[in-house]
file work_32.txt (compact mmCIF, C-alpha atoms)
# COMPACT_ATOMS: atom_id res chain seq x y z
CA MET P 736 -1.20 -14.55 -14.44
CA ALA P 737 -2.71 -17.89 -13.44
CA LEU P 738 -4.28 -18.24 -10.03
CA GLU P 739 -1.98 -19.31 -7.23
CA LYS P 740 -2.21 -23.06 -6.67
CA GLY P 741 -3.98 -22.92 -3.29
CA ILE P 742 -6.39 -20.24 -4.42
CA ASP P 743 -7.09 -22.06 -7.68
CA LYS P 744 -8.21 -25.11 -5.70
CA LEU P 745 -10.49 -22.89 -3.62
CA VAL P 746 -11.99 -21.43 -6.79
CA GLN P 747 -12.43 -24.82 -8.48
CA ASP P 748 -14.15 -26.20 -5.38
CA PHE P 749 -16.46 -23.17 -5.40
CA ILE P 750 -17.35 -23.71 -9.05
CA ALA P 751 -17.85 -27.46 -8.53
CA ALA P 752 -20.25 -26.70 -5.69
CA GLY P 753 -22.42 -24.74 -8.12
CA ARG P 754 -21.14 -21.28 -7.20
CA PRO P 755 -23.25 -21.00 -4.03
CA SER P 756 -24.75 -17.55 -3.75
CA PRO P 757 -25.18 -15.48 -0.58
CA LEU P 758 -28.63 -14.64 -1.93
CA SER P 759 -29.70 -18.16 -0.92
CA GLN P 760 -28.47 -17.70 2.68
CA ASN P 761 -29.95 -15.88 5.61
CA ILE P 762 -27.73 -13.40 7.41
CA ASP P 763 -26.85 -15.82 10.23
CA GLU P 764 -25.69 -18.44 7.73
CA ARG P 765 -23.67 -15.87 5.85
CA ARG P 766 -21.92 -14.68 8.99
CA ALA P 767 -21.25 -18.23 10.18
CA GLY P 768 -19.73 -19.09 6.80
CA TYR P 769 -17.33 -16.18 7.09
CA VAL P 770 -16.20 -17.31 10.53
CA ALA P 771 -15.76 -20.87 9.23
CA SER P 772 -13.48 -19.61 6.45
CA THR P 773 -10.87 -18.50 9.00
CA VAL P 774 -9.38 -22.01 8.86
CA LEU P 775 -7.67 -20.74 5.70
CA ALA P 776 -5.80 -18.00 7.57
CA GLY P 777 -2.87 -20.18 8.58
CA GLU P 778 -1.16 -20.80 11.89
CA LYS P 779 -2.31 -18.52 14.68
CA GLU P 780 0.23 -15.91 15.74
CA ILE P 781 0.73 -16.21 19.52
CA ARG P 782 3.61 -13.78 20.10
CA VAL P 783 1.20 -10.97 20.94
CA HIS P 784 -1.04 -9.74 23.73
CA VAL P 785 -4.74 -9.45 22.92
CA ALA P 786 -7.35 -7.51 24.88
CA THR P 787 -10.91 -6.34 24.27
CA GLN P 788 -11.93 -2.99 25.65
CA GLU P 789 -15.03 -0.79 25.50
CA LEU P 790 -14.62 2.97 25.38
CA ASP P 791 -17.64 5.26 25.36
CA GLY P 792 -19.89 2.62 23.82
CA ILE P 793 -17.50 1.37 21.09
CA THR P 794 -15.77 -2.01 21.45
CA PHE P 795 -12.14 -2.36 20.42
CA ARG P 796 -9.79 -5.32 20.02
CA ILE P 797 -6.27 -4.24 20.98
CA VAL P 798 -3.33 -6.37 19.85
CA SER P 799 0.26 -5.59 20.87
CA PRO P 800 3.61 -7.36 20.51
CA LEU P 801 4.82 -9.05 23.66
CA ASN P 802 7.12 -6.90 25.81
CA ALA P 803 6.34 -3.90 23.61
CA PRO P 804 7.32 -0.33 24.47
CA GLU P 805 4.66 1.69 26.24
CA THR P 806 3.95 3.80 23.15
CA LEU P 807 3.86 2.36 19.63
CA PRO P 808 2.90 3.29 16.09
CA THR P 809 -0.71 2.20 15.78
CA VAL P 810 -3.02 0.77 13.15
CA ILE P 811 -6.70 1.58 13.54
CA TYR P 812 -8.21 -1.36 11.66
CA TYR P 813 -11.65 -1.77 10.08
CA HIS P 814 -12.62 -5.33 9.14
CA GLY P 815 -14.22 -6.39 5.90
CA GLY P 816 -17.45 -8.27 5.35
CA CYS P 817 -19.49 -6.20 2.88
CA PHE P 818 -21.01 -4.17 5.75
CA VAL P 819 -23.03 -7.21 6.88
CA SER P 820 -20.55 -9.64 8.44
CA GLY P 821 -17.09 -9.88 9.92
CA GLY P 822 -15.59 -8.84 13.22
CA PHE P 823 -12.80 -9.63 15.63
CA ASP P 824 -13.19 -13.38 15.11
CA THR P 825 -12.93 -13.28 11.31
CA HIS P 826 -9.82 -11.10 11.43
CA ASP P 827 -8.13 -12.43 14.55
CA ASN P 828 -5.01 -13.82 12.87
CA GLN P 829 -4.56 -10.80 10.61
CA LEU P 830 -4.69 -8.41 13.58
CA ARG P 831 -2.18 -10.58 15.43
CA GLN P 832 0.22 -10.80 12.51
CA LEU P 833 0.06 -7.08 11.80
CA ALA P 834 0.97 -6.32 15.40
CA TYR P 835 3.80 -8.85 15.52
CA TYR P 836 5.42 -8.26 12.14
CA GLY P 837 4.92 -4.49 12.25
CA ASN P 838 6.01 -4.13 15.88
CA CYS P 839 2.99 -1.89 16.25
CA ARG P 840 -0.24 -1.72 18.19
CA VAL P 841 -3.34 -2.75 16.26
CA ILE P 842 -6.70 -1.44 17.44
CA ALA P 843 -9.67 -2.89 15.59
CA VAL P 844 -13.01 -1.11 15.72
CA GLN P 845 -16.24 -3.12 15.99
CA TYR P 846 -18.84 -1.22 14.00
CA ARG P 847 -22.54 -1.97 13.65
CA LEU P 848 -23.59 -4.26 10.81
CA ALA P 849 -26.50 -4.39 8.39
CA PRO P 850 -29.26 -5.38 8.00
CA GLU P 851 -29.85 -4.63 11.69
CA PHE P 852 -28.17 -1.24 11.32
CA THR P 853 -28.20 0.61 8.01
CA PHE P 854 -26.32 3.59 6.62
CA PRO P 855 -24.73 5.60 8.15
CA ALA P 856 -24.28 3.38 11.26
CA ALA P 857 -21.00 1.73 10.18
CA HIS P 858 -19.59 5.03 8.92
CA ASP P 859 -20.47 6.86 12.12
CA ASP P 860 -19.00 4.09 14.29
CA ALA P 861 -15.81 4.06 12.22
CA GLU P 862 -15.32 7.81 12.62
CA ARG P 863 -16.20 7.73 16.30
CA GLY P 864 -13.87 4.81 16.89
CA ALA P 865 -10.95 6.68 15.33
CA ASN P 866 -11.68 9.76 17.41
CA LEU P 867 -11.83 7.67 20.58
CA VAL P 868 -8.43 6.15 19.84
CA TRP P 869 -7.12 9.69 19.41
CA LYS P 870 -8.83 10.87 22.62
CA TYR P 871 -7.48 7.99 24.70
CA ALA P 872 -4.13 7.72 22.92
CA ASN P 873 -2.06 8.11 26.07
CA THR P 874 -4.04 5.43 27.89
CA LEU P 875 -3.89 3.06 24.92
CA GLY P 876 -0.19 3.57 24.24
CA VAL P 877 -0.73 5.16 20.84
CA ASP P 878 1.84 7.40 19.17
CA LYS P 879 -0.46 10.13 17.83
CA ASN P 880 2.00 11.06 15.11
CA ARG P 881 2.21 7.52 13.74
CA ILE P 882 -1.39 6.37 13.24
CA THR P 883 -2.40 4.34 10.20
CA LEU P 884 -6.02 3.89 9.15
CA CYS P 885 -6.30 0.49 7.48
CA GLY P 886 -9.03 -1.86 6.38
CA ASP P 887 -9.98 -4.53 3.88
CA SER P 888 -12.97 -4.45 1.54
CA ALA P 889 -15.80 -2.65 3.38
CA GLY P 890 -13.20 -1.80 6.00
CA GLY P 891 -11.03 -0.11 3.38
CA HIS P 892 -14.05 1.95 2.39
CA LEU P 893 -14.58 2.95 6.03
CA ALA P 894 -10.91 3.87 6.47
CA LEU P 895 -11.09 6.21 3.47
CA VAL P 896 -14.36 7.87 4.43
CA THR P 897 -13.18 8.24 8.02
CA ALA P 898 -10.05 10.04 6.80
CA LEU P 899 -12.20 12.34 4.66
CA ARG P 900 -14.44 13.11 7.64
CA LEU P 901 -11.42 13.78 9.85
CA LYS P 902 -9.99 16.11 7.21
CA ALA P 903 -13.27 18.01 7.10
CA THR P 904 -13.32 18.54 10.86
CA GLY P 905 -9.68 19.64 10.90
CA LEU P 906 -9.02 18.17 14.33
CA TRP P 907 -6.44 15.53 13.36
CA GLN P 908 -5.33 13.31 10.52
CA PRO P 909 -3.65 9.89 10.42
CA ALA P 910 -0.13 9.63 9.08
CA GLN P 911 -1.23 7.29 6.29
CA LEU P 912 -3.98 5.06 4.92
CA ILE P 913 -3.61 1.48 3.72
CA LEU P 914 -6.63 0.34 1.72
CA ILE P 915 -6.83 -3.38 0.99
CA TYR P 916 -9.08 -4.05 -2.05
CA PRO P 917 -11.55 -1.39 -0.83
CA MET P 918 -15.22 -1.24 -1.78
CA LEU P 919 -15.49 2.20 -3.38
CA ASP P 920 -18.34 2.33 -5.87
CA ALA P 921 -21.81 1.07 -4.98
CA THR P 922 -22.93 1.60 -8.59
CA ALA P 923 -20.68 -1.30 -9.75
CA TYR P 924 -19.61 0.78 -12.74
CA PHE P 925 -16.36 -0.96 -13.63
CA GLU P 926 -15.78 -3.88 -15.98
CA SER P 927 -14.01 -6.02 -13.37
CA TYR P 928 -17.43 -6.58 -11.76
CA THR P 929 -18.25 -8.53 -14.94
CA ARG P 930 -14.80 -9.98 -15.66
CA ASN P 931 -14.31 -11.29 -12.12
CA GLY P 932 -17.88 -11.31 -10.87
CA LEU P 933 -18.95 -14.94 -11.11
CA ASP P 934 -16.25 -17.51 -10.40
CA TYR P 935 -13.90 -16.15 -7.77
CA VAL P 936 -15.68 -16.99 -4.49
CA ILE P 937 -16.38 -13.39 -3.48
CA THR P 938 -18.73 -12.63 -6.34
CA ARG P 939 -20.63 -9.67 -7.72
CA ASP P 940 -23.70 -10.93 -5.81
CA THR P 941 -21.72 -11.12 -2.57
CA LEU P 942 -20.60 -7.52 -2.81
CA LEU P 943 -23.81 -5.99 -4.16
CA SER P 944 -26.04 -7.84 -1.69
CA GLY P 945 -23.99 -6.23 1.08
CA TYR P 946 -24.72 -2.82 -0.37
CA ASP P 947 -28.39 -3.77 -0.74
CA MET P 948 -28.69 -4.56 2.97
CA TYR P 949 -26.70 -1.56 4.15
CA LEU P 950 -28.23 1.00 1.79
CA PRO P 951 -31.97 0.28 1.54
CA HIS P 952 -32.86 3.97 1.68
CA THR P 953 -29.67 5.63 0.43
CA GLU P 954 -28.69 6.72 -3.07
CA ARG P 955 -25.76 4.75 -4.46
CA GLN P 956 -24.11 7.99 -5.62
CA HIS P 957 -23.99 9.43 -2.08
CA PRO P 958 -20.41 10.69 -1.52
CA ASP P 959 -19.98 8.57 1.61
CA VAL P 960 -21.38 5.49 -0.18
CA SER P 961 -19.40 5.72 -3.44
CA PRO P 962 -16.35 7.72 -2.32
CA LEU P 963 -14.44 6.89 -5.50
CA TRP P 964 -16.21 9.73 -7.32
CA ARG P 965 -15.44 12.47 -4.79
CA ASP P 966 -13.39 15.52 -5.70
CA ASP P 967 -12.18 16.42 -2.20
CA PHE P 968 -9.22 14.04 -1.81
CA HIS P 969 -6.63 16.84 -1.82
CA GLY P 970 -5.12 17.20 1.63
CA LEU P 971 -5.38 13.55 2.61
CA PRO P 972 -2.26 11.85 4.00
CA ARG P 973 -0.27 9.41 1.88
CA ILE P 974 -2.23 6.38 0.76
CA HIS P 975 -1.31 2.87 -0.36
CA ILE P 976 -3.92 0.83 -2.25
CA ILE P 977 -3.79 -2.94 -2.66
CA THR P 978 -5.78 -4.60 -5.45
CA ALA P 979 -6.18 -8.25 -6.49
CA GLU P 980 -6.05 -9.45 -10.11
CA TYR P 981 -9.21 -11.61 -9.97
CA ASP P 982 -11.29 -9.29 -7.77
CA PRO P 983 -14.57 -7.67 -8.90
CA LEU P 984 -13.21 -4.53 -7.18
CA CYS P 985 -9.85 -4.51 -8.99
CA ASP P 986 -10.70 -1.75 -11.46
CA GLU P 987 -12.21 0.64 -8.93
CA GLY P 988 -9.23 0.34 -6.59
CA GLU P 989 -6.92 1.29 -9.44
CA ALA P 990 -9.28 4.07 -10.53
CA LEU P 991 -9.00 5.49 -7.01
CA TYR P 992 -5.23 5.63 -7.43
CA HIS P 993 -5.61 7.70 -10.60
CA ARG P 994 -8.18 10.02 -9.03
CA MET P 995 -6.00 10.50 -5.95
CA THR P 996 -2.99 11.33 -8.11
CA GLU P 997 -5.02 13.81 -10.15
CA GLN P 998 -6.00 15.50 -6.89
CA SER P 999 -2.37 15.76 -5.72
CA VAL P 1000 -2.50 13.04 -3.08
CA ASN P 1001 0.70 11.07 -2.43
CA CYS P 1002 -0.69 7.69 -3.47
CA THR P 1003 0.73 4.33 -4.49
CA CYS P 1004 -1.08 1.26 -5.77
CA GLN P 1005 -0.01 -2.35 -6.17
CA ARG P 1006 -1.94 -5.07 -7.97
CA TRP P 1007 -1.24 -8.54 -6.57
CA SER P 1008 -1.34 -11.18 -9.30
CA GLY P 1009 -2.94 -14.63 -9.17
CA VAL P 1010 -5.21 -13.82 -6.24
CA ILE P 1011 -8.85 -13.04 -5.48
CA HIS P 1012 -10.82 -10.68 -3.27
CA GLY P 1013 -10.24 -11.67 0.33
CA PHE P 1014 -6.74 -13.07 -0.24
CA PHE P 1015 -5.39 -11.05 2.70
CA GLN P 1016 -7.13 -13.62 4.90
CA LEU P 1017 -5.84 -16.69 3.06
CA GLY P 1018 -2.34 -16.94 4.53
CA GLY P 1019 -2.72 -20.67 5.08
CA ILE P 1020 -2.98 -21.37 1.34
CA SER P 1021 -1.48 -18.32 -0.37
CA GLN P 1022 2.11 -17.12 -0.55
CA ALA P 1023 0.87 -13.75 -1.81
CA ALA P 1024 -1.26 -13.45 1.33
CA ARG P 1025 1.78 -14.07 3.50
CA ASP P 1026 3.82 -11.58 1.49
CA VAL P 1027 1.18 -8.84 1.53
CA MET P 1028 0.81 -9.26 5.29
CA ARG P 1029 4.52 -8.59 5.77
CA ASP P 1030 4.30 -5.62 3.42
CA VAL P 1031 1.34 -4.03 5.20
CA ALA P 1032 2.96 -4.68 8.58
CA TRP P 1033 6.20 -3.08 7.41
CA ARG P 1034 4.34 0.00 6.18
CA ALA P 1035 2.45 0.29 9.46
CA GLY P 1036 5.51 -0.09 11.65
CA ALA P 1037 7.71 2.22 9.59
CA VAL P 1038 5.23 5.10 9.25
CA ALA P 1039 6.58 8.50 10.17
CA GLY P 1040 4.65 11.61 11.30
CA PRO P 1041 3.81 14.20 12.24
CA CYS P 1042 0.30 14.58 10.88
CA SER P 1043 -1.58 16.05 13.85
CA LYS P 1044 -3.12 19.47 14.36
CA GLU P 1045 -3.11 20.14 18.04
call {"tool": "encode", "arguments": {"input": "work_32.txt", "output": "structure tokens"}}
result
Amino acid sequence: MALEKGIDKLVQDFIAAGRPSPLSQNIDERRAGYVASTVLAGEKEIRVHVATQELDGITFRIVSPLNAPETLPTVIYYHGGCFVSGGFDTHDNQLRQLAYYGNCRVIAVQYRLAPEFTFPAAHDDAERGANLVWKYANTLGVDKNRITLCGDSAGGHLALVTALRLKATGLWQPAQLILIYPMLDATAYFESYTRNGLDYVITRDTLLSGYDMYLPHTERQHPDVSPLWRDDFHGLPRIHIITAEYDPLCDEGEALYHRMTEQSVNCTCQRWSGVIHGFFQLGGISQAARDVMRDVAWRAGAVAGPCSKE
């Protein structure tokens, strides 16, 4: 399918600018560019309450619908940014829209970024953040039986690995995972890295340079670094995977679906056509972005438990 009109213009502008590479930017420039791109997210959702809270050394952004019930189904959200950028500011509108359209509480976890903090800092923060939400569920207004782990790109990776770590400890499990074009394979094995790796704004270099900064001393085949290749998915909660047609990560997201199914996980996968990596944050120019937001919000708000082990 052809690129959506708004996304096609974004891609053509990127190509006309000479396909600027993150390899030519320092980390501050790269992070500032990500923040600047939020103008493409569309009109800011204001029918929510937003608060920032620190719990035991981890900072959370908590977004709730106005006049919400005391206890709500909850999304624990991990932002994207290739492990080196992103945060509450880059994902502000998405967190707000998820809370409003899903009638759920959204709790985003701020994890440490590379190159200042390398593996396993982000993974450890993601796991600890989830456990803190569980620990303080009553205070935060979280329905323990209706927790979704969700994230985009690097955040989708962290959501998956966090669920695997939680399964291993046996303390609790979320009701479901929603993985939005997750980074899953640091070896860049799949053909979509070549097919979609040059022209579509978030390039092969963008993704692999993130791995380079986060994994300077870690093997790319490490099971927490390339979770696609793991054989311990059995026992995970139901999972929904979102892929994008023109994404370097498209093939690995769909390969995860097949591996999950082979390991008896209740898993679904949907490829969104005419869009690129990062389209979840392009609601101002993309109808697919607006549609996928409503879909993710519906899944988060409609989730049913129980999945706890108390």
call {"tool": "residues_around", "arguments": {"input": "work_32.txt", "residues": "region 751-760 of chain P", "least_positions_apart": "6", "cutoff": "9 Å", "atoms": "all atoms listed in the file", "output": "VMD selection string"}}
result
chain P and resid 933 to 936 938 940 to 941 944
call {"tool": "atom_distance", "arguments": {"input": "work_32.txt", "atom1": "CA of Ile750 (chain P)", "atom2": "CA of Ala849 (chain P)"}}
result
27.6 Å
call {"tool": "closest_atom_pairs", "arguments": {"input": "work_32.txt", "of": "region 850-921 of chain P", "to": "region 827-839 of chain P", "cutoff": "12 Å", "atoms": "only C-alpha atoms", "output": "Markdown table"}}
result
| residue | atom | partner | partner_atom | distance |
| --- | --- | --- | --- | --- |
| P:Gly876 | CA | P:Cys839 | CA | 10.2 |
| P:Val877 | CA | P:Cys839 | CA | 9.2 |
| P:Asp878 | CA | P:Cys839 | CA | 9.8 |
| P:Arg881 | CA | P:Cys839 | CA | 9.8 |
| P:Ile882 | CA | P:Cys839 | CA | 9.8 |
| P:Thr883 | CA | P:Cys839 | CA | 10.2 |
| P:Cys885 | CA | P:Leu833 | CA | 10.8 |
| P:Gly886 | CA | P:Leu830 | CA | 10.7 |
| P:Asp887 | CA | P:Gln829 | CA | 10.7 |
call {"tool": "closest_residue", "arguments": {"input": "work_32.txt", "among": "P:Tyr928, P:Gly891, P:Trp869, P:Val1027", "to": "Leu906 (chain P)", "atoms": "all atoms listed in the file"}}
result
P:Trp869
call {"tool": "closest_residue", "arguments": {"input": "work_32.txt", "among": "P:Cys985, P:Tyr871, P:Gly777, P:Leu801", "to": "Met1028 (chain P)", "atoms": "all atoms listed in the file"}}
result
P:Gly777
call {"tool": "atom_distance", "arguments": {"input": "work_32.txt", "atom1": "CA of Phe818 (chain P)", "atom2": "CA of Ala889 (chain P)"}}
result
5.9 Å
call {"tool": "atom_distance", "arguments": {"input": "work_32.txt", "atom1": "CA of Ile977 (chain P)", "atom2": "CA of Glu780 (chain P)"}}
result
22.9 Å
call {"tool": "residues_around", "arguments": {"input": "work_32.txt", "residues": "Gly815 (chain P)", "least_positions_apart": "4", "cutoff": "10 Å", "atoms": "all atoms listed in the file", "output": "tab-separated table (two decimals) with C-alpha atoms, in the frame of the given file"}}
result
chain	number	residue	atom	x	y	z
P	819	VAL	CA	-23.03	-7.21	6.88
P	820	SER	CA	-20.55	-9.64	8.44
P	821	GLY	CA	-17.09	-9.88	9.92
P	822	GLY	CA	-15.59	-8.84	13.22
P	825	THR	CA	-12.93	-13.28	11.31
P	826	HIS	CA	-9.82	-11.10	11.43
P	886	GLY	CA	-9.03	-1.86	6.38
P	887	ASP	CA	-9.98	-4.53	3.88
P	888	SER	CA	-12.97	-4.45	1.54
P	889	ALA	CA	-15.80	-2.65	3.38
P	890	GLY	CA	-13.20	-1.80	6.00
P	891	GLY	CA	-11.03	-0.11	3.38
P	892	HIS	CA	-14.05	1.95	2.39
P	893	LEU	CA	-14.58	2.95	6.03
P	915	ILE	CA	-6.83	-3.38	0.99
P	916	TYR	CA	-9.08	-4.05	-2.05
P	917	PRO	CA	-11.55	-1.39	-0.83
P	918	MET	CA	-15.22	-1.24	-1.78
P	1013	GLY	CA	-10.24	-11.67	0.33
call {"tool": "closest_residue", "arguments": {"input": "work_32.txt", "among": "P:Gln1005, P:His952, P:Asp967, P:Lys879", "to": "Phe852 (chain P)", "atoms": "only C-alpha atoms"}}
result
P:His952
call {"tool": "residues_near_point", "arguments": {"input": "work_32.txt", "point": "(-2.7, -9.6, -4.6)", "cutoff": "6 Å", "atoms": "all atoms listed in the file", "output": "list in words"}}
result
Thr978, Ala979, Arg1006, Trp1007, Ser1008 and Val1010 of chain P
call {"tool": "closest_residue", "arguments": {"input": "work_32.txt", "among": "P:Ala903, P:Leu807, P:Ile793, P:Ala776", "to": "Arg1025 (chain P)", "atoms": "all atoms listed in the file"}}
result
P:Ala776
call {"tool": "axis_aligned_box", "arguments": {"input": "work_32.txt", "around": "region 831-840 of chain P", "padding_each_side": "8 Å", "output": "AutoDock Vina command-line options"}}
result
--center_x 1.9 --center_y -6.3 --center_z 15.0 --size_x 24.2 --size_y 25.1 --size_z 22.4
call {"tool": "closest_residue", "arguments": {"input": "work_32.txt", "among": "P:Val746, P:Leu899, P:Ile976, P:Leu790", "to": "Leu867 (chain P)", "atoms": "all atoms listed in the file"}}
result
P:Leu790
call {"tool": "closest_residue", "arguments": {"input": "work_32.txt", "among": "P:Ile797, P:Leu901, P:Leu919, P:Ala1024", "to": "Val810 (chain P)", "atoms": "all atoms listed in the file"}}
result
P:Ile797
call {"tool": "residues_around", "arguments": {"input": "work_32.txt", "residues": "Asp966 (chain P)", "least_positions_apart": "5", "cutoff": "10 Å", "atoms": "only C-alpha atoms", "output": "JSON, numbers by chain"}}
result
{"P": [958, 994, 995, 997, 998]}
